Structures are given as structure tokens and as C-alpha cells.
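Working notes, beginning with the structure itself.
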Amino acid sequence: KMFLFFAVTNEKSFPIPTDQSFPIPATPTSPGAQLLPLEPVRVSQPTSTATPDATCSTPASKTGHFCQVRAAEAQAGFDAREFLYDPKGLKFSSAEFIPETGEIRMEFVVITGGGYLHLRQGVAGFPMQTDNWGKVPSDAVEQVEVNGLYAEIASGTYVVYPGATSAVWEPGGQLSLAWRDGGHWFVLEKLGDPYPIEWITNDELITLAEGLVDERPVDAVPPLDPEYLSTVEQAEALAGFHIPSPVLVPRGYELKRVVWMDNVARLMYGPKNSSNSELFISLGQIANNQVGPCDECPPGVTETVQVGPWTGWYWRGTFYTGLYVEGQPTATPVWQGNAPLWSLAWNTEQFWFSMSYNPSFNSGKEMSKEILIKIAESMFPDANTLKIDLAERQAGFNLMLPPRLPGTVSGYVKAEYNPANGVVWIWFTNNPEYMNGLYLSQQVVSNSDNCFLCGAVASDDTSGLLTQGPEVVGTNAKLKNVKVGAVTGQYYVGIRKGSGEWDPNSDIKHLRWQVGDRAFELVSLGTGLNLEFLIMIAESLE
């Protein structure tokens with residue numbers, strides 16, 4: 001066959017100069033393990049849509065597609081053809097005039113990194129590459145058509161492996177389509193094949209070429225792509241229902257992408273300084289599906305956990321088959337329990353959820369069961385109420401709660417019932433990563449001899465510490481009686497160490513009181529709230 005756009009060869013390798021060869025890279029040193037703390041996710045603020053600047057007079061407009069293409073056209077002396085919208089999974093990067101070949105080259109980069117799409121075009125002679133790197137094996141070129149015009153498409157590229165002295169042809173990794181329309185030639189090249197652009201096959205590349213337009217309007221707005229949404233609200237508009245999303249994510253993470261496909265929403269979060277996603281959350285309506293324990297994991301790997309008021313399942317690990325070796329059978333999968341893949345699944349009354357954390361290779365990032373659960377629980381604005389409802393059902397009585405709290409202890413609530421002593425404790429905080437916060441405990445007192453929260457007495461004799469009745473505190477605890485509404489309560493500071501010694505830490509403040517058959521304790525841990533504030537909270541319970 002004769003080809004017009006590619007210089008062909010029968011060779012599939014060629015020697016390279018020694019300065020183009022490189023050694024096998026050393027195995028990178030893994031950073032120390034790090035467990036990222038959680039922080040509130042940054043909420044995307046709606047931005048006003050600016051009027052497109054067709055005059056290209058502002059710095060912002062000069063970096064956009066419209067103005068960069070216009071500038072390249074002015075230098076090249078011809079009108080370029082363009083994509084009406086950025087192809088799916090790609091975003092416009094640059095347009096420039098290349099004087100050496102007289103061409104305009106537009107570059108589009110993969111949204112998540114790892115690939116490019118180049119649209120090259122010119123009106124001078126076609127710049128056929130005839131050096132070793134530009135030649136293509138004859139069996140890698142196919143004659144096709146673009147809008148009825150003769151075209152050629154080549155699949156593959158030459159690569160140099162570490163330690164090699166020759167470049168070898170590999171059939172994947174690059175697609176190149178070339179054609180001419182009168183005196184106007186075009187080359188459309190796909191470089192790399194990551195997930196966001198794996199859909200660009202030979203036929204799809206031809207379809208992209210056939211869709212070029214004479215000019216992209218300056219105000220062109222692409223339709224929403226369900227696979228590449230930028231906000232949860234966009235997915236909700238397509239789904240027709242509210243999609244829960246986490247309030248807390250690992251420190252430095254942001255929402256990277258949202259997908260709505262096949263009645264499933266997928267939320268992807270990753271580091272702000274990277275294009276990678278590392279935290280993945282999938283969810284859908286419970287009427288369409290339910291999740292459960294890992295059914296492919298080895299026995300004993302899955303752990304039943306509590307996610308708010310719901311039962312969930314946690315596991316770590318994955319099956320590994322080793323590296324693929326051409327011509328060799330696939331190895332038997334082996335379970336790796338220490339693999340950097342942590343998973344959590346649970347069902348609520350409305351939705352099923354699946355969450356996984358898979359950090360970038362060799363990043364040193366770790367995850368824990370507790371942090372995954374905190375992320376999961378932060379997805380439910382009403383989960384605080386649900387946790388309190390569950391504790392009330394377990395305890396058998398309605399809890400007294402403060403109607404308002406200062407901002408330092410509001411936002412997150414955890415409630416637990418201890419059947420051993422009949423006490424319900426509620427933890428209020430604005431940062432669940434740390435133990436600081438306000439702890440409210442209460443119990444119904446049916447017998448004063450079995451009251452865990454009733455009063456306090458000061459003594460340095462620790463030989464007979466009580467598990468019921470008044471708490472024995474040190475004489476350095478500053479114990480004193482105070483008025484809480486119409487009753488008398490006790491206030492003191494500190495905590496008893498494991499050694500039995502009382503530590504009078506003033507950052508730990510206690511207030512105990514009893515109203516009727518209900519005993520209460522407020523503990524302020526590192527909140528900065530003073531006694532007067534604690535009394536005000538105690539008197540506000542309802």
C-alpha cells in the first residue's frame with residue numbers, strides 16, 4: 001500500500017544513541033506512614049458567569065480557548081478548525097503557532113492527568129516525519145475516511161524501556177489520524193490511554209475529526225457530562241433526589257469529580273495539589289440495591305461496625321495476581337491483608353453506601369476504621385438526632401439536651417448508652433478528630449446506692465474508690481458546691497491518673513447535679529468554657 005501521511009517501515013525497532021538510553025530507576029523510598037487528620041471539606045461557592053470577552057482585552061480572557069486560538073490564527077495567517085466543546089474527559093490547555101512547520105497546534109489535557117489530545121493543522125506542505133521516531137510499521141497504519149475524505153490512522157508508538165539500547169514499537173499508547181481537506185491538512189493525536197479518554201478508539205477519533213467546526217463561539221457552554229460532573233448539586237439535578245456527601249475529609253482533600261450513571265452516584269476526593277482521586281464514595285437508593293459484608297474476602301477479614309445508628313461492615317485488603325507477563329497464565333489471586341485499600345459499606349433506610357480509600361502508590365498514607373466511620377457519619381446532617389434517638393431507645397428514657405451550644409462544641413454529636421451502669425453520655429464537639437469537647441452524661445436514679453453520677457467527695461484516700469455513688473476526687477480538685485437552678489450541685493477540676501493520683505488539670509472541668517430522679521454530669525475538656533457557662537448550659541437542658 002502507498003501512504004500519504006505516514007512514512008512506513010518494515011522494522012519494529014531501531015538502535016538508539018547511548019545518551020538516549022537510561023538505567024532502571026531506583027526504587028523510590030517510601031515516606032513514613034501518615035494518618036491524615038480530618039477537616040471540613042471546602043464547599044464550592046457558586047461563581048457568577050462572566051460575560052465572555054470576545055475582544056481578548058483582559059488577562060483572564062487571554063488564557064482561554066477563544067482568545068488563544070484567535071492569536072494563533074493571526075500569526076499563522078489562516079482560520080483553524082476547532083472542537084465545538086472540549087472532548088469528554090479533556091480540558092483545553094493551549095493553542096500556539098509553530099513557525100517551523102507553519103501549523104497551529106491545540107492541546108487538550110486529561111482532566112485527571114496522564115494523557116493529551118493534540119489537534120494540529122496547517123495549509124503549507126504536510127510535515128511528514130521521516131526520521132526513525134516518526135516512521136510507522138506498515139501493518140500499524142489503516143486507510144480510513146473523514147467525512148468522505150481520504151485519511152490514515154496509525155496505532156502505536158516507539159518506546160524505550162529502562163536499560164534498553166533500542167526503541168521498540170508498541171501497538172498501544174498513541175493514536176494518530178491524518179487527513180487533508182483541499183489545501184488544509186489535519187492531524188489528530190491521542191497520547192496516553194488513561195480512564196478518562198479510554199473511550200477514544202479509532203472510530204471515536206474519526207468521529208471527533210468529523211465534528212470539527214469553523215469556529216467555536218466565545219460563549220459556547222458544553223452540556224453536562226454525567227461522567228464528569230464538578231459538583232454534587234449537578235448530580236442531584238440528574239438523579240432527582242438529595243445525594244448525601246461528607247462534611248469531613250482527610251486534610252488537604254477536595255472534591256475532584258462526581259459521576260451519575262446507572263442510578264449510582266460516585267463522589268471522588270483527592271489531594272488539592274494532585275489530579276488523583278483517593279477517597280471514593282458510591283451510593284444509590286435502597287430500593288435498587290443493598291450492600292453487605294465483603295463476600296469475596298477470606299473468613300475473619302470483615303468486621304461488623306456501627307455507622308451512626310446503622311450496621312456497617314469494614315475490611316482492609318484486596319486480592320493480588322502479580323504483574324502480567326505476556327504469554328504466561330494469570331497467577332492465582334492471593335489475598336493481601338495489608339494492601340493500602342480500606343473499605344466500608346452500610347445501608348440506611350434510604351440509601352446503600354460503599355466507601356473506599358486507596359492512596360497513591362508509595363505515598364505512605366494510611367487509613368483507619370475509626371476515621372472511615374467518622375467520614376461516613378459526617379454525611380448525615382440529621383445523624384446527630386439519629387444517634388440520640390438510638391441511645392434513648394437503648395436507655396429507655398428521653399434525654400435532656402441543651403437547645404443551644406457555643407460554636408466550639410457544636411457540629412458533631414456522639415451518643416452512647418452503657419448498660420452496665422445505665423448512663424447515657426453525649427459528646428458535643430466541632431472537631432471529632434480530637435477528644436476535646438463537652439460531655440453530657442445522665443441517668444435515671446431508681447436507687448441512690450446505684451447512682452453513678454450522684455455528687456462528689458474530696459479525699460486523698462484512694463483505697464476505697466467507688467464505682468457507684470459520689471466520685472472520689474482529690475483534695476486538690478477545688479471541689480465546691482454551686483447552685484444549678486433550684487438545686488445544689490458540685491463543681492471540681494481534674495482527672496484521676498492510672499496511678500491513682502488526682503491530676504488537678506484546670507482544662508478538665510466537672511459539674512454534677514441532680515433534679516428529681518435524673519442525675520447529670522457536664523465535663524468540659526479543653527473547651528475554655530468557665531463555670532458560669534457550664535451552669536448556664538446545665539440550666540438550659542430541656
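Simple scheme: letters A, B, ... for chains in C-alpha cells order, numbers from 1 for residues in each chain, numbers from 1 for ligands in the order shown.
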
Under the rule of at most 10 Å, produce a per-residue listing of stretch 56-167 of chain A near stretch 171-181 of chain A: chain, number, name, the closest pair of atoms, and the distance in Å, as JSON lines, using only C-alpha atoms.
```
{"residue": "A:Gly115", "atom": "CA", "partner": "A:Gly173", "partner_atom": "CA", "distance": 9.4}
{"residue": "A:Tyr116", "atom": "CA", "partner": "A:Gln174", "partner_atom": "CA", "distance": 9.7}
{"residue": "A:Leu117", "atom": "CA", "partner": "A:Leu175", "partner_atom": "CA", "distance": 9.5}
{"residue": "A:His118", "atom": "CA", "partner": "A:Ser176", "partner_atom": "CA", "distance": 9.4}
{"residue": "A:Leu119", "atom": "CA", "partner": "A:Leu177", "partner_atom": "CA", "distance": 9.7}
{"residue": "A:Arg120", "atom": "CA", "partner": "A:Ala178", "partner_atom": "CA", "distance": 9.3}
{"residue": "A:Gln121", "atom": "CA", "partner": "A:Arg180", "partner_atom": "CA", "distance": 9.3}
{"residue": "A:Gly122", "atom": "CA", "partner": "A:Arg180", "partner_atom": "CA", "distance": 9.6}
{"residue": "A:Val123", "atom": "CA", "partner": "A:Arg180", "partner_atom": "CA", "distance": 9.4}
{"residue": "A:Phe126", "atom": "CA", "partner": "A:Arg180", "partner_atom": "CA", "distance": 8.9}
{"residue": "A:Pro137", "atom": "CA", "partner": "A:Pro171", "partner_atom": "CA", "distance": 9.7}
{"residue": "A:Ala140", "atom": "CA", "partner": "A:Pro171", "partner_atom": "CA", "distance": 7.4}
{"residue": "A:Val141", "atom": "CA", "partner": "A:Ser176", "partner_atom": "CA", "distance": 9.3}
{"residue": "A:Glu142", "atom": "CA", "partner": "A:Leu177", "partner_atom": "CA", "distance": 9.5}
{"residue": "A:Gln143", "atom": "CA", "partner": "A:Leu177", "partner_atom": "CA", "distance": 9.8}
{"residue": "A:Val144", "atom": "CA", "partner": "A:Leu177", "partner_atom": "CA", "distance": 9.1}
{"residue": "A:Glu145", "atom": "CA", "partner": "A:Trp179", "partner_atom": "CA", "distance": 8.2}
{"residue": "A:Val146", "atom": "CA", "partner": "A:Trp179", "partner_atom": "CA", "distance": 7.3}
{"residue": "A:Asn147", "atom": "CA", "partner": "A:Asp181", "partner_atom": "CA", "distance": 9.6}
{"residue": "A:Leu149", "atom": "CA", "partner": "A:Asp181", "partner_atom": "CA", "distance": 7.1}
{"residue": "A:Tyr150", "atom": "CA", "partner": "A:Trp179", "partner_atom": "CA", "distance": 6.3}
{"residue": "A:Ala151", "atom": "CA", "partner": "A:Trp179", "partner_atom": "CA", "distance": 4.4}
{"residue": "A:Glu152", "atom": "CA", "partner": "A:Ala178", "partner_atom": "CA", "distance": 5.4}
{"residue": "A:Ile153", "atom": "CA", "partner": "A:Leu177", "partner_atom": "CA", "distance": 4.3}
{"residue": "A:Ala154", "atom": "CA", "partner": "A:Ser176", "partner_atom": "CA", "distance": 5.2}
{"residue": "A:Ser155", "atom": "CA", "partner": "A:Leu175", "partner_atom": "CA", "distance": 4.7}
{"residue": "A:Gly156", "atom": "CA", "partner": "A:Pro171", "partner_atom": "CA", "distance": 3.8}
{"residue": "A:Thr157", "atom": "CA", "partner": "A:Gln174", "partner_atom": "CA", "distance": 6.0}
{"residue": "A:Tyr158", "atom": "CA", "partner": "A:Pro171", "partner_atom": "CA", "distance": 8.6}
{"residue": "A:Val159", "atom": "CA", "partner": "A:Gly173", "partner_atom": "CA", "distance": 9.7}
```

Next, dump the selected residues to file, keeping only N, CA and C atoms, as a compact mmCIF listing (two decimals), in the first residue's frame.
```txt
# COMPACT_ATOMS: atom_id res chain seq x y z
N GLY A 115 -2.55 12.07 30.15
CA GLY A 115 -2.80 11.94 28.71
C GLY A 115 -3.11 13.28 28.07
N TYR A 116 -3.06 13.29 26.73
CA TYR A 116 -3.28 14.52 25.97
C TYR A 116 -4.02 14.20 24.67
N LEU A 117 -4.59 15.24 24.09
CA LEU A 117 -5.13 15.18 22.73
C LEU A 117 -4.62 16.41 22.01
N HIS A 118 -3.96 16.21 20.88
CA HIS A 118 -3.42 17.32 20.09
C HIS A 118 -4.18 17.43 18.78
N LEU A 119 -4.60 18.62 18.43
CA LEU A 119 -5.18 18.92 17.12
C LEU A 119 -4.20 19.83 16.40
N ARG A 120 -3.57 19.29 15.35
CA ARG A 120 -2.60 20.05 14.57
C ARG A 120 -3.17 20.29 13.17
N GLN A 121 -2.85 21.43 12.59
CA GLN A 121 -3.35 21.73 11.26
C GLN A 121 -2.54 22.83 10.61
N GLY A 122 -2.53 22.82 9.27
CA GLY A 122 -1.79 23.83 8.52
C GLY A 122 -2.25 23.87 7.08
N VAL A 123 -1.73 24.85 6.33
CA VAL A 123 -2.10 24.99 4.91
C VAL A 123 -0.87 24.91 4.00
N PHE A 126 2.46 19.15 3.94
CA PHE A 126 2.26 18.30 5.11
C PHE A 126 3.63 17.91 5.69
N PRO A 137 5.43 1.23 11.46
CA PRO A 137 5.34 -0.07 10.77
C PRO A 137 4.12 -0.10 9.87
N ALA A 140 0.74 -1.12 11.02
CA ALA A 140 0.10 -0.33 12.07
C ALA A 140 -0.72 0.82 11.49
N VAL A 141 -0.72 0.98 10.15
CA VAL A 141 -1.44 2.08 9.50
C VAL A 141 -2.67 1.52 8.79
N GLU A 142 -3.77 2.23 8.92
CA GLU A 142 -5.02 1.82 8.27
C GLU A 142 -5.55 2.99 7.45
N GLN A 143 -6.04 2.70 6.27
CA GLN A 143 -6.63 3.73 5.41
C GLN A 143 -8.12 3.84 5.75
N VAL A 144 -8.55 5.07 6.09
CA VAL A 144 -9.93 5.32 6.51
C VAL A 144 -10.45 6.56 5.81
N GLU A 145 -11.63 7.03 6.24
CA GLU A 145 -12.21 8.26 5.68
C GLU A 145 -12.67 9.17 6.80
N VAL A 146 -12.55 10.47 6.57
CA VAL A 146 -13.09 11.50 7.45
C VAL A 146 -14.03 12.36 6.62
N ASN A 147 -15.33 12.23 6.87
CA ASN A 147 -16.33 12.94 6.07
C ASN A 147 -16.15 12.67 4.58
N LEU A 149 -13.45 11.97 3.02
CA LEU A 149 -12.12 12.33 2.54
C LEU A 149 -11.11 11.25 2.94
N TYR A 150 -10.14 11.01 2.08
CA TYR A 150 -9.12 10.00 2.36
C TYR A 150 -8.36 10.39 3.63
N ALA A 151 -8.10 9.39 4.49
CA ALA A 151 -7.38 9.62 5.73
C ALA A 151 -6.61 8.37 6.11
N GLU A 152 -5.67 8.53 7.00
CA GLU A 152 -4.89 7.41 7.52
C GLU A 152 -4.83 7.50 9.04
N ILE A 153 -4.89 6.33 9.68
CA ILE A 153 -4.81 6.29 11.14
C ILE A 153 -3.77 5.26 11.54
N ALA A 154 -2.92 5.63 12.48
CA ALA A 154 -1.87 4.74 12.98
C ALA A 154 -2.05 4.55 14.48
N SER A 155 -1.82 3.31 14.92
CA SER A 155 -1.97 2.98 16.33
C SER A 155 -0.65 2.46 16.87
N GLY A 156 -0.08 3.17 17.84
CA GLY A 156 1.15 2.72 18.46
C GLY A 156 2.20 3.80 18.50
N THR A 157 3.32 3.49 19.12
CA THR A 157 4.44 4.43 19.22
C THR A 157 5.69 3.66 19.61
N TYR A 158 6.83 4.27 19.38
CA TYR A 158 8.09 3.68 19.82
C TYR A 158 8.36 4.06 21.27
N VAL A 159 8.86 3.09 22.03
CA VAL A 159 9.18 3.34 23.43
C VAL A 159 10.56 2.78 23.73
```

Based on the backbone DSSP call, show me all residues of stretch 130-273 of chain A assigned alpha helix (DSSP H), as a compact mmCIF listing (two decimals) with N, CA and C atoms, in the first residue's frame.
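And here's result24.txt as it stands now:
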```txt
# COMPACT_ATOMS: atom_id res chain seq x y z
N ASN A 202 -10.26 4.14 17.62
CA ASN A 202 -10.08 4.58 16.23
C ASN A 202 -11.34 5.24 15.69
N ASP A 203 -12.49 4.57 15.88
CA ASP A 203 -13.74 5.10 15.34
C ASP A 203 -14.13 6.42 16.01
N GLU A 204 -13.91 6.50 17.35
CA GLU A 204 -14.28 7.72 18.06
C GLU A 204 -13.35 8.87 17.67
N LEU A 205 -12.09 8.58 17.37
CA LEU A 205 -11.18 9.63 16.92
C LEU A 205 -11.64 10.19 15.58
N ILE A 206 -12.11 9.30 14.71
CA ILE A 206 -12.64 9.75 13.42
C ILE A 206 -13.89 10.59 13.63
N THR A 207 -14.75 10.19 14.57
CA THR A 207 -15.97 10.96 14.86
C THR A 207 -15.61 12.36 15.37
N LEU A 208 -14.59 12.45 16.22
CA LEU A 208 -14.14 13.77 16.69
C LEU A 208 -13.67 14.62 15.52
N ALA A 209 -12.93 14.01 14.60
CA ALA A 209 -12.43 14.76 13.44
C ALA A 209 -13.58 15.26 12.58
N GLU A 210 -14.60 14.43 12.43
CA GLU A 210 -15.74 14.80 11.59
C GLU A 210 -16.60 15.88 12.23
N VAL A 232 -21.80 18.14 43.50
CA VAL A 232 -22.83 17.20 43.90
C VAL A 232 -24.20 17.69 43.44
N GLU A 233 -24.38 19.02 43.42
CA GLU A 233 -25.67 19.59 43.00
C GLU A 233 -25.99 19.22 41.55
N GLN A 234 -24.99 19.16 40.70
CA GLN A 234 -25.23 18.75 39.30
C GLN A 234 -25.73 17.31 39.25
N ALA A 235 -25.16 16.46 40.07
CA ALA A 235 -25.61 15.06 40.10
C ALA A 235 -27.03 14.97 40.66
N GLU A 236 -27.34 15.80 41.66
CA GLU A 236 -28.69 15.79 42.23
C GLU A 236 -29.72 16.21 41.20
N ALA A 237 -29.36 17.15 40.33
CA ALA A 237 -30.29 17.59 39.28
C ALA A 237 -30.61 16.45 38.33
N LEU A 238 -29.63 15.59 38.06
CA LEU A 238 -29.85 14.44 37.18
C LEU A 238 -30.55 13.30 37.91
N ALA A 239 -30.20 13.11 39.20
CA ALA A 239 -30.75 11.99 39.96
C ALA A 239 -32.18 12.24 40.42
```

Please provide the set of residues having any atom within 8 Å of A:Gly494, restricted to only C-alpha atoms, with same-chain residues fewer than 2 positions apart removed, written as a ChimeraX atom specification.
/A:477,492,496,502-510

Atoms to include: C-alpha atoms. Write the selected residues as a PDB file, in the first residue's frame.
```pdb
ATOM      1  CA  ALA A 477      -9.670  19.212  92.778  1.00  0.00           C
ATOM      2  CA  TYR A 492     -14.399  20.369  90.502  1.00  0.00           C
ATOM      3  CA  ARG A 496      -7.620  10.647  88.157  1.00  0.00           C
ATOM      4  CA  TRP A 502      -5.532  13.024  91.141  1.00  0.00           C
ATOM      5  CA  ASP A 503      -4.336  15.468  88.454  1.00  0.00           C
ATOM      6  CA  PRO A 504      -5.902  18.934  89.065  1.00  0.00           C
ATOM      7  CA  ASN A 505      -5.870  19.851  85.383  1.00  0.00           C
ATOM      8  CA  SER A 506      -7.927  23.023  85.085  1.00  0.00           C
ATOM      9  CA  ASP A 507      -8.690  22.261  81.397  1.00  0.00           C
ATOM     10  CA  ILE A 508     -10.947  19.447  82.631  1.00  0.00           C
ATOM     11  CA  LYS A 509     -13.976  20.868  84.451  1.00  0.00           C
ATOM     12  CA  HIS A 510     -16.793  18.825  86.020  1.00  0.00           C
TER      13      HIS A 510
END
```

Write out as a ChimeraX atom specification all residues of stretch 40-167 of chain A that backbone DSSP assigns to strand (DSSP E).
/A:40,90-98,103-110,116-122,136-137,141-146,149-159,166-167

Identify which of the residues A:Trp185, A:Thr63, A:Ser57, A:Phe533 lies closest to A:Ala80, counting only C-alpha atoms when measuring atom-to-atom distances.
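Going through A:Trp185, A:Thr63, A:Ser57, A:Phe533 one by one, the smallest distance to A:Ala80 is for A:Trp185.
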
Need the shell around A:Val473: protein/DNA/RNA residues with any atom at most 12 Å away, counting only C-alpha atoms. Skip same-chain ones fewer than 4 positions apart. Format as a ChimeraX atom specification?
/A:455-462,464-466,477-480,490-497,500-504,510

Restricting the output to C-alpha atoms, write the selected residues as an mmCIF file, in the first residue's frame.
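Generated file (out.cif):
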```cif
data_model
loop_
_atom_site.group_PDB
_atom_site.id
_atom_site.type_symbol
_atom_site.label_atom_id
_atom_site.label_comp_id
_atom_site.auth_asym_id
_atom_site.auth_seq_id
_atom_site.Cartn_x
_atom_site.Cartn_y
_atom_site.Cartn_z
ATOM 1 C CA GLY A 455 -22.247 14.019 93.598
ATOM 2 C CA ALA A 456 -18.559 14.031 94.522
ATOM 3 C CA VAL A 457 -16.456 13.893 97.692
ATOM 4 C CA ALA A 458 -12.850 15.018 98.210
ATOM 5 C CA SER A 459 -10.321 12.607 99.691
ATOM 6 C CA ASP A 460 -6.718 11.597 99.158
ATOM 7 C CA ASP A 461 -7.504 8.066 100.299
ATOM 8 C CA THR A 462 -7.786 6.020 97.107
ATOM 9 C CA GLY A 464 -11.850 2.573 98.523
ATOM 10 C CA LEU A 465 -12.694 4.257 95.235
ATOM 11 C CA LEU A 466 -16.359 3.875 94.475
ATOM 12 C CA ALA A 477 -9.670 19.212 92.778
ATOM 13 C CA LYS A 478 -11.092 22.523 94.048
ATOM 14 C CA LEU A 479 -14.396 20.808 94.869
ATOM 15 C CA LYS A 480 -17.153 23.195 95.817
ATOM 16 C CA GLN A 490 -20.797 20.079 92.782
ATOM 17 C CA TYR A 491 -18.008 21.579 90.671
ATOM 18 C CA TYR A 492 -14.399 20.369 90.502
ATOM 19 C CA VAL A 493 -11.460 20.148 88.121
ATOM 20 C CA GLY A 494 -9.011 17.455 87.008
ATOM 21 C CA ILE A 495 -8.897 13.729 86.386
ATOM 22 C CA ARG A 496 -7.620 10.647 88.157
ATOM 23 C CA LYS A 497 -4.485 9.171 86.597
ATOM 24 C CA GLY A 500 -4.443 6.614 91.285
ATOM 25 C CA GLU A 501 -3.127 10.143 91.783
ATOM 26 C CA TRP A 502 -5.532 13.024 91.141
ATOM 27 C CA ASP A 503 -4.336 15.468 88.454
ATOM 28 C CA PRO A 504 -5.902 18.934 89.065
ATOM 29 C CA HIS A 510 -16.793 18.825 86.020
#
```

Set the distance at 9 Å and use only C-alpha atoms: which residues neighbour A:Pro15 once local chain neighbours fewer than 2 positions away are removed? I'd like the list as a ChimeraX atom specification.
/A:13,17,165-168

Would you put the residues from that selection into a file with C-alpha atoms, as a PDB file, in the first residue's frame?
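The result, stored in part-v6.pdb:
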```
ATOM      1  CA  SER A  13      12.798  -1.457  16.443  1.00  0.00           C
ATOM      2  CA  PRO A  17      22.370   6.540  20.900  1.00  0.00           C
ATOM      3  CA  THR A 165      19.645   0.099  23.784  1.00  0.00           C
ATOM      4  CA  SER A 166      16.847   0.063  21.190  1.00  0.00           C
ATOM      5  CA  ALA A 167      13.457   1.672  20.763  1.00  0.00           C
ATOM      6  CA  VAL A 168      10.696  -0.861  20.113  1.00  0.00           C
TER       7      VAL A 168
END
```
